[in-house]
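Asks: Dropping a structure here in structure tokens format, bear with me for questions.
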Amino acid sequence: MTEAVPMAVNMNGLTEFFISALELPNSNGSTQLKYPSDSTDFTKVDPSRAFISKVRRLIVKVGTAVVTRSDGRLALGRLGALCEQLKELNTLGYEVILVTSGAVGLGRQRLGYRRVANSSFSDLQKPQGELDGKACASVGQGSLMALYDTMFSQLDVTSSQLLVTDGLFRDAGFRKQLTDTVHSLLELRVIPIFNENDAVSTRKAPYEDSSGIFWDNDSLAGLLALELKADLLVLLSDVEGLYSGPPSDPKSKLIHTYVKEKHQEEITFGDKSRLGRGGMTAKVNAAVCAAYAGTPVVITSGYATDNIIRVLQGEKIGTVFHKDAHLWSTVKEVSAHEMAVSARDSSRRLQALDSDERRKIMLAIADALEENESMIRAENEADVAEAELAGLEKSLVSRLTLKPEKIYRLASSMRMLADMQEPIGQILKKTELADKLILEKISCPLGVVLVIFESRPDALVQIAALAIRSGNGLLLKGGKEAKRSNAVLHKIITSAIPENVGEKLIGLVTSREEIPDLLKLDDVIDLVVPRGSNKLVSQIKESTKIPVLGHADGICHVYVDKSANIEMAKQIVRDAKIDYPAACNAMETLLVHKDLTQNGGIRELMAELRKEGVQLYGGPRARGLLNIPETRSFHHEYSSLACTVEIVDDVFAAIDHIHKHGSAHTDCIVTEDSEAAATFLRQVDSAAVFHNASTRFCDGARFGLGAEVGISTSRIHVRGPVGVEGLLTNRWILRGSGHVVNGDRGITYTHKELPLNA
């Protein structure tokens, strides 16, 4: 530990003023926030965010590191997102007050440019002195406010400027007038914007002098929160919140709730702000004082475009400071690392069981699913009702729905997996290295798998079944639309796991804010499997060092050759597109041999698709000939009733097109020409390649795998639908009789392959 929270350093003026000088009660008055009892379901109510429902007036403080870019210029994108959030809150009836930094930095930039413009070449060769901080503040303040005024005006919001210095707050008359003015502005739906007036501050070294009632905009925001009776103070930083150590350290953990008694001596701070006077130390000082005087505080990232909105929606982001935080100990925060380690420990106990014991666990889970069908349906119906109320697409609601027959199918799949050949400890290869020195290659679990999946609760059961059968620990994060269904299924499954293994074998991640922490755990988690949109898969791949198994796109092709049976082709093309348009194995591009434009075959195929309501888009050759709109890109996944059509010269042109524009997922040829089929099957480099069969067959259950974790387009480890085998790796077992290497003297290598059952 290099630095603890310096509660006694430079805090006397602020602390005394916060606690004693401000005698008016906080806007929460004497009303005590009531938190749930021990029996409350904390998946539905988190006490660390319960106070959010009472927020009506909030202060948002944005720091220099958020307002400016690394080169010192204004971060216009972040400022725009900030103003849009404040406008939305203003529209929703919240009373919003902004405290902003950035004036000095902006002024320094402008004055620096002016000095260069007015200097001769010889002047520029001389050492340049530091610009006066107060002059920078004076120039920058006007520019900063002009920018805010312009941005808010574009959003049809009125803002106002209030410049203050710390000495003014000693005057009770000033404080009353300030309060009255702000109340008048808020009643008119005006957003007051505060900043310390550094240009006339009496401090001689504004970046070092920490005397007075407040000394930076963090402490000013804390002071205003109490004086103006705010219900919440949000401090926007350049990191997600308060960490146990420097945020760049992979071992640092985000602290969701700050408890002074616990964290004051545990936290290590990084550097101060790169541009401003504060940094995390200043924010924590201000947050602790404001929170313990009655105003809850949240420190969160100002780089995200919607974090203020998410805070007010009760999401568990950032770090909360609250005077009653020490009373929330009934909710034990299990860190991402603890969850992953527990899953690994449980998986090792699972692997220690014999095959029949593991089989009995799966059969017990199957029975529990059927026995609790009514409870599963009740929770699922609540999810479905909420989804319909939110206006989700019918296809998404359909995926979310768990009907009785689907629940029984899940139980049946669980039993089928239980009766499969034991996958763990199978001898894959056996070799005699030398006399009485036998080497075996055997199958074993990967370890701990993190699966992030869509709002499809049946996927949770399938993935859990595969993990148990393969002996892996599992962490699951499902879509928020299925939160009740996922919670009840997780409870039923883990309740059926015996104590000698432990219910922590399968962990359910309930907040997306925990995902970044999990993705850092490359020392504990062995594989990440993201299921969902290509955006999700791409983001996960960019955010972790852990191997990722999945596909970023599902751009599947059907090529109809000149020798195809048109009636068969029509059936395959129709099924590949309309059976489930949103699936990753649905056809997105139809390639047609040029001869079919002469004999009318392509017209029949198009008519078949149009009859089902499919919107057709053409490539350069098809759009003019067929009079259809041009596609935006061949590398496009519609995931809807739409597809691209293009004309190619032959099977080789089709293969080239697929390699150039496809995603190596699933591709199909429809032809009666066995030579063309063989060429296509041999040369198309995709995870699954079909002849005269719909791309929709690329599925773990349809392949007889029992279930699938997902579909992989990776060329390492496993490709295509990932079943039990895809969650296994191998290790080497060597049995000798006192053998030693000794420079390979006295040993004769035989390297003889042995029968596996020998």
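Going by the structure tokens order, chains are called A, B, ..., each with residues numbered from 1, while ligands are numbered from 1 in the order shown.
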Go through segment 476-589 of chain A residue by residue and, counting only C-alpha atoms, keep those with an atom at most 9 Å from segment 633-643 of chain A; for each kept residue give the shortest atom pair and its distance in Å to one decimal, ordered by chain and increasing number, as CSV.
Replies:
```
residue,atom,partner,partner_atom,distance
A:Asn534,CA,A:Glu637,CA,8.9
A:Asp553,CA,A:Glu637,CA,6.8
A:Gly554,CA,A:Glu637,CA,6.5
A:Ile555,CA,A:Glu637,CA,5.6
A:Cys556,CA,A:Glu637,CA,8.6
A:Lys577,CA,A:Leu641,CA,7.2
A:Ile578,CA,A:Leu641,CA,6.8
A:Tyr580,CA,A:Ser640,CA,8.4
A:Pro581,CA,A:Ser640,CA,4.8
A:Ala582,CA,A:Ser639,CA,4.1
A:Ala583,CA,A:Ser639,CA,6.6
A:Cys584,CA,A:Ser639,CA,7.5
A:Ala586,CA,A:Ser639,CA,7.6
A:Met587,CA,A:Cys643,CA,7.4
A:Glu588,CA,A:Cys643,CA,4.9
A:Thr589,CA,A:Cys643,CA,5.6
```
Asks: Leaving out segment 143-154 of chain A and any residue of its chain fewer than 3 positions from it, which residues lie within 9 Å of it when counting only C-alpha atoms, given as a PyMOL selection string?
Replies: chain A and resi 79-80+83-84+87+102-103+106-107+139-140+157-161+193
Asks: With only C-alpha atoms as the atoms that count, which of A:Leu475, A:Leu625, A:Ala336, A:Ile716 lies nearest to Ile506 of chain A?
Replies: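 Going through A:Leu475, A:Leu625, A:Ala336, A:Ile716 one by one, the smallest distance to Ile506 of chain A is for A:Leu475.
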Asks: Fewer than 4 positions away in the same chain doesn't count, so skip those; otherwise give me all residues within 7 Å of Glu95 of chain A, counting only C-alpha atoms, as a ChimeraX atom specification.
Replies: /A:56-58,90,186
Asks: Any chance you could tabulate, as CSV, the residues of segment 443-523 of chain A at most 10 Å from segment 242-265 of chain A with each one's nearest atom pair and distance in Å to one decimal, using only C-alpha atoms, in chain and rising number order?
Replies:
```
residue,atom,partner,partner_atom,distance
A:Glu513,CA,A:Leu254,CA,9.7
A:Glu514,CA,A:Leu254,CA,9.1
A:Pro516,CA,A:Leu254,CA,9.8
A:Asp517,CA,A:Lys253,CA,7.3
A:Lys520,CA,A:Pro250,CA,6.4
A:Leu521,CA,A:Pro250,CA,8.1
A:Asp522,CA,A:Pro250,CA,9.7
```
Asks: Just checking: using only C-alpha atoms, which residue out of A:Val461, A:Leu417, A:Ala701, A:Leu476 ends up closest to Leu505 of chain A?
Replies: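 Among A:Val461, A:Leu417, A:Ala701, A:Leu476, it is A:Leu476 that comes nearest to Leu505 of chain A.
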Asks: Can you pull out the residues contacting Val311 of chain A? Cut-off 9 Å, using only C-alpha atoms, and skip same-chain residues under 2 positions away; I want them as a VMD selection string.
Replies: chain A and resid 49 52 234 298 300 306 to 309 313 to 318
Asks: From the list A:Glu454, A:Asp595, A:Glu440, A:Glu604, which residue is nearest His751 of chain A when using only C-alpha atoms?
Replies: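 So, comparing all the options, the nearest one is A:Glu440.
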Asks: What are the DSSP strand (DSSP E) residues of segment 280-418 of chain A, as a PyMOL selection string?
Replies: chain A and resi 297-301+319-321
Asks: Write the residues of the preceding selection, restricted to N, CA, C and O atoms, as a PDB file, in the first residue's frame.
Replies:
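Contents of result-v4.pdb, freshly written:
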```pdb
ATOM      1  N   VAL A 297     -23.342   9.447  -2.774  1.00  0.00           N
ATOM      2  CA  VAL A 297     -22.445   9.801  -3.874  1.00  0.00           C
ATOM      3  C   VAL A 297     -22.161   8.552  -4.703  1.00  0.00           C
ATOM      4  O   VAL A 297     -22.018   7.454  -4.159  1.00  0.00           O
ATOM      5  N   VAL A 298     -22.080   8.740  -6.024  1.00  0.00           N
ATOM      6  CA  VAL A 298     -21.636   7.667  -6.911  1.00  0.00           C
ATOM      7  C   VAL A 298     -20.479   8.204  -7.750  1.00  0.00           C
ATOM      8  O   VAL A 298     -20.606   9.251  -8.385  1.00  0.00           O
ATOM      9  N   ILE A 299     -19.347   7.502  -7.724  1.00  0.00           N
ATOM     10  CA  ILE A 299     -18.234   7.805  -8.625  1.00  0.00           C
ATOM     11  C   ILE A 299     -18.297   6.809  -9.774  1.00  0.00           C
ATOM     12  O   ILE A 299     -18.304   5.601  -9.554  1.00  0.00           O
ATOM     13  N   THR A 300     -18.365   7.298 -10.994  1.00  0.00           N
ATOM     14  CA  THR A 300     -18.430   6.408 -12.154  1.00  0.00           C
ATOM     15  C   THR A 300     -17.732   7.061 -13.338  1.00  0.00           C
ATOM     16  O   THR A 300     -17.310   8.218 -13.262  1.00  0.00           O
ATOM     17  N   SER A 301     -17.634   6.328 -14.441  1.00  0.00           N
ATOM     18  CA  SER A 301     -16.903   6.815 -15.608  1.00  0.00           C
ATOM     19  C   SER A 301     -17.706   7.842 -16.396  1.00  0.00           C
ATOM     20  O   SER A 301     -18.888   7.650 -16.665  1.00  0.00           O
ATOM     21  N   THR A 319     -18.937   3.295  -7.979  1.00  0.00           N
ATOM     22  CA  THR A 319     -18.777   3.071  -6.541  1.00  0.00           C
ATOM     23  C   THR A 319     -19.727   3.972  -5.776  1.00  0.00           C
ATOM     24  O   THR A 319     -19.763   5.182  -6.006  1.00  0.00           O
ATOM     25  N   VAL A 320     -20.498   3.373  -4.871  1.00  0.00           N
ATOM     26  CA  VAL A 320     -21.464   4.121  -4.060  1.00  0.00           C
ATOM     27  C   VAL A 320     -20.848   4.465  -2.710  1.00  0.00           C
ATOM     28  O   VAL A 320     -20.197   3.627  -2.084  1.00  0.00           O
ATOM     29  N   PHE A 321     -21.071   5.703  -2.262  1.00  0.00           N
ATOM     30  CA  PHE A 321     -20.709   6.152  -0.913  1.00  0.00           C
ATOM     31  C   PHE A 321     -22.014   6.517  -0.203  1.00  0.00           C
ATOM     32  O   PHE A 321     -22.806   7.312  -0.727  1.00  0.00           O
TER      33      PHE A 321
END
```
Asks: Using only C-alpha atoms, find the one residue out of A:Leu727, A:Leu433, A:Ala654, A:Leu626 that sits nearest to Glu753 of chain A.
Replies: A:Leu433
Asks: Given the choices A:Pro423, A:Pro404, A:Gly624, A:Gly619, which gets closest to Glu373 of chain A if the distance is worked out from only C-alpha atoms?
Replies: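 Closest to Glu373 of chain A, using only C-alpha atoms: A:Pro404.
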Asks: What lies within 12 Å of Asp526 of chain A using only C-alpha atoms, ignoring chain neighbours under 4 positions off, as a list in words?
Replies: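 Non-adjacent residues within range: Ala340, Val341, Ala343, Arg344, Pro445, Leu446, Gly447, Val448, Val449, Leu450, Val451, Asn472, Gly473, Leu474, Leu475, Leu518, Leu519, Lys520, Leu521, Asp522, Thr544, Lys545, Ile546, Pro547, Val548, Leu549, Leu727, Leu728 and Thr729 of chain A.
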Asks: Might you pull out every residue within 9 Å of Thr494 of chain A, with only C-alpha atoms counted and same-chain residues fewer than 5 positions away left off, and present them as a compact mmCIF listing (two decimals) with N, CA and C atoms, in the first residue's frame?
Replies:
```txt
# COMPACT_ATOMS: atom_id res chain seq x y z
N ILE A 365 -30.90 -33.55 -11.92
CA ILE A 365 -31.25 -32.23 -12.47
C ILE A 365 -32.44 -32.37 -13.43
N LEU A 489 -33.99 -21.24 -12.97
CA LEU A 489 -33.33 -22.41 -13.54
C LEU A 489 -31.99 -22.68 -12.86
N GLY A 502 -20.59 -29.12 -4.60
CA GLY A 502 -20.84 -27.72 -4.27
C GLY A 502 -21.62 -26.99 -5.33
N GLU A 503 -22.60 -26.20 -4.90
CA GLU A 503 -23.46 -25.48 -5.84
C GLU A 503 -22.72 -24.38 -6.58
N LYS A 504 -21.54 -24.01 -6.09
CA LYS A 504 -20.76 -22.96 -6.76
C LYS A 504 -20.07 -23.46 -8.02
N LEU A 505 -20.31 -24.73 -8.35
CA LEU A 505 -19.81 -25.26 -9.62
C LEU A 505 -20.31 -24.41 -10.78
N ILE A 506 -21.55 -23.91 -10.64
CA ILE A 506 -22.16 -23.09 -11.68
C ILE A 506 -22.53 -21.75 -11.07
N GLY A 507 -21.86 -20.70 -11.47
CA GLY A 507 -22.14 -19.36 -10.97
C GLY A 507 -22.98 -18.57 -11.96
```
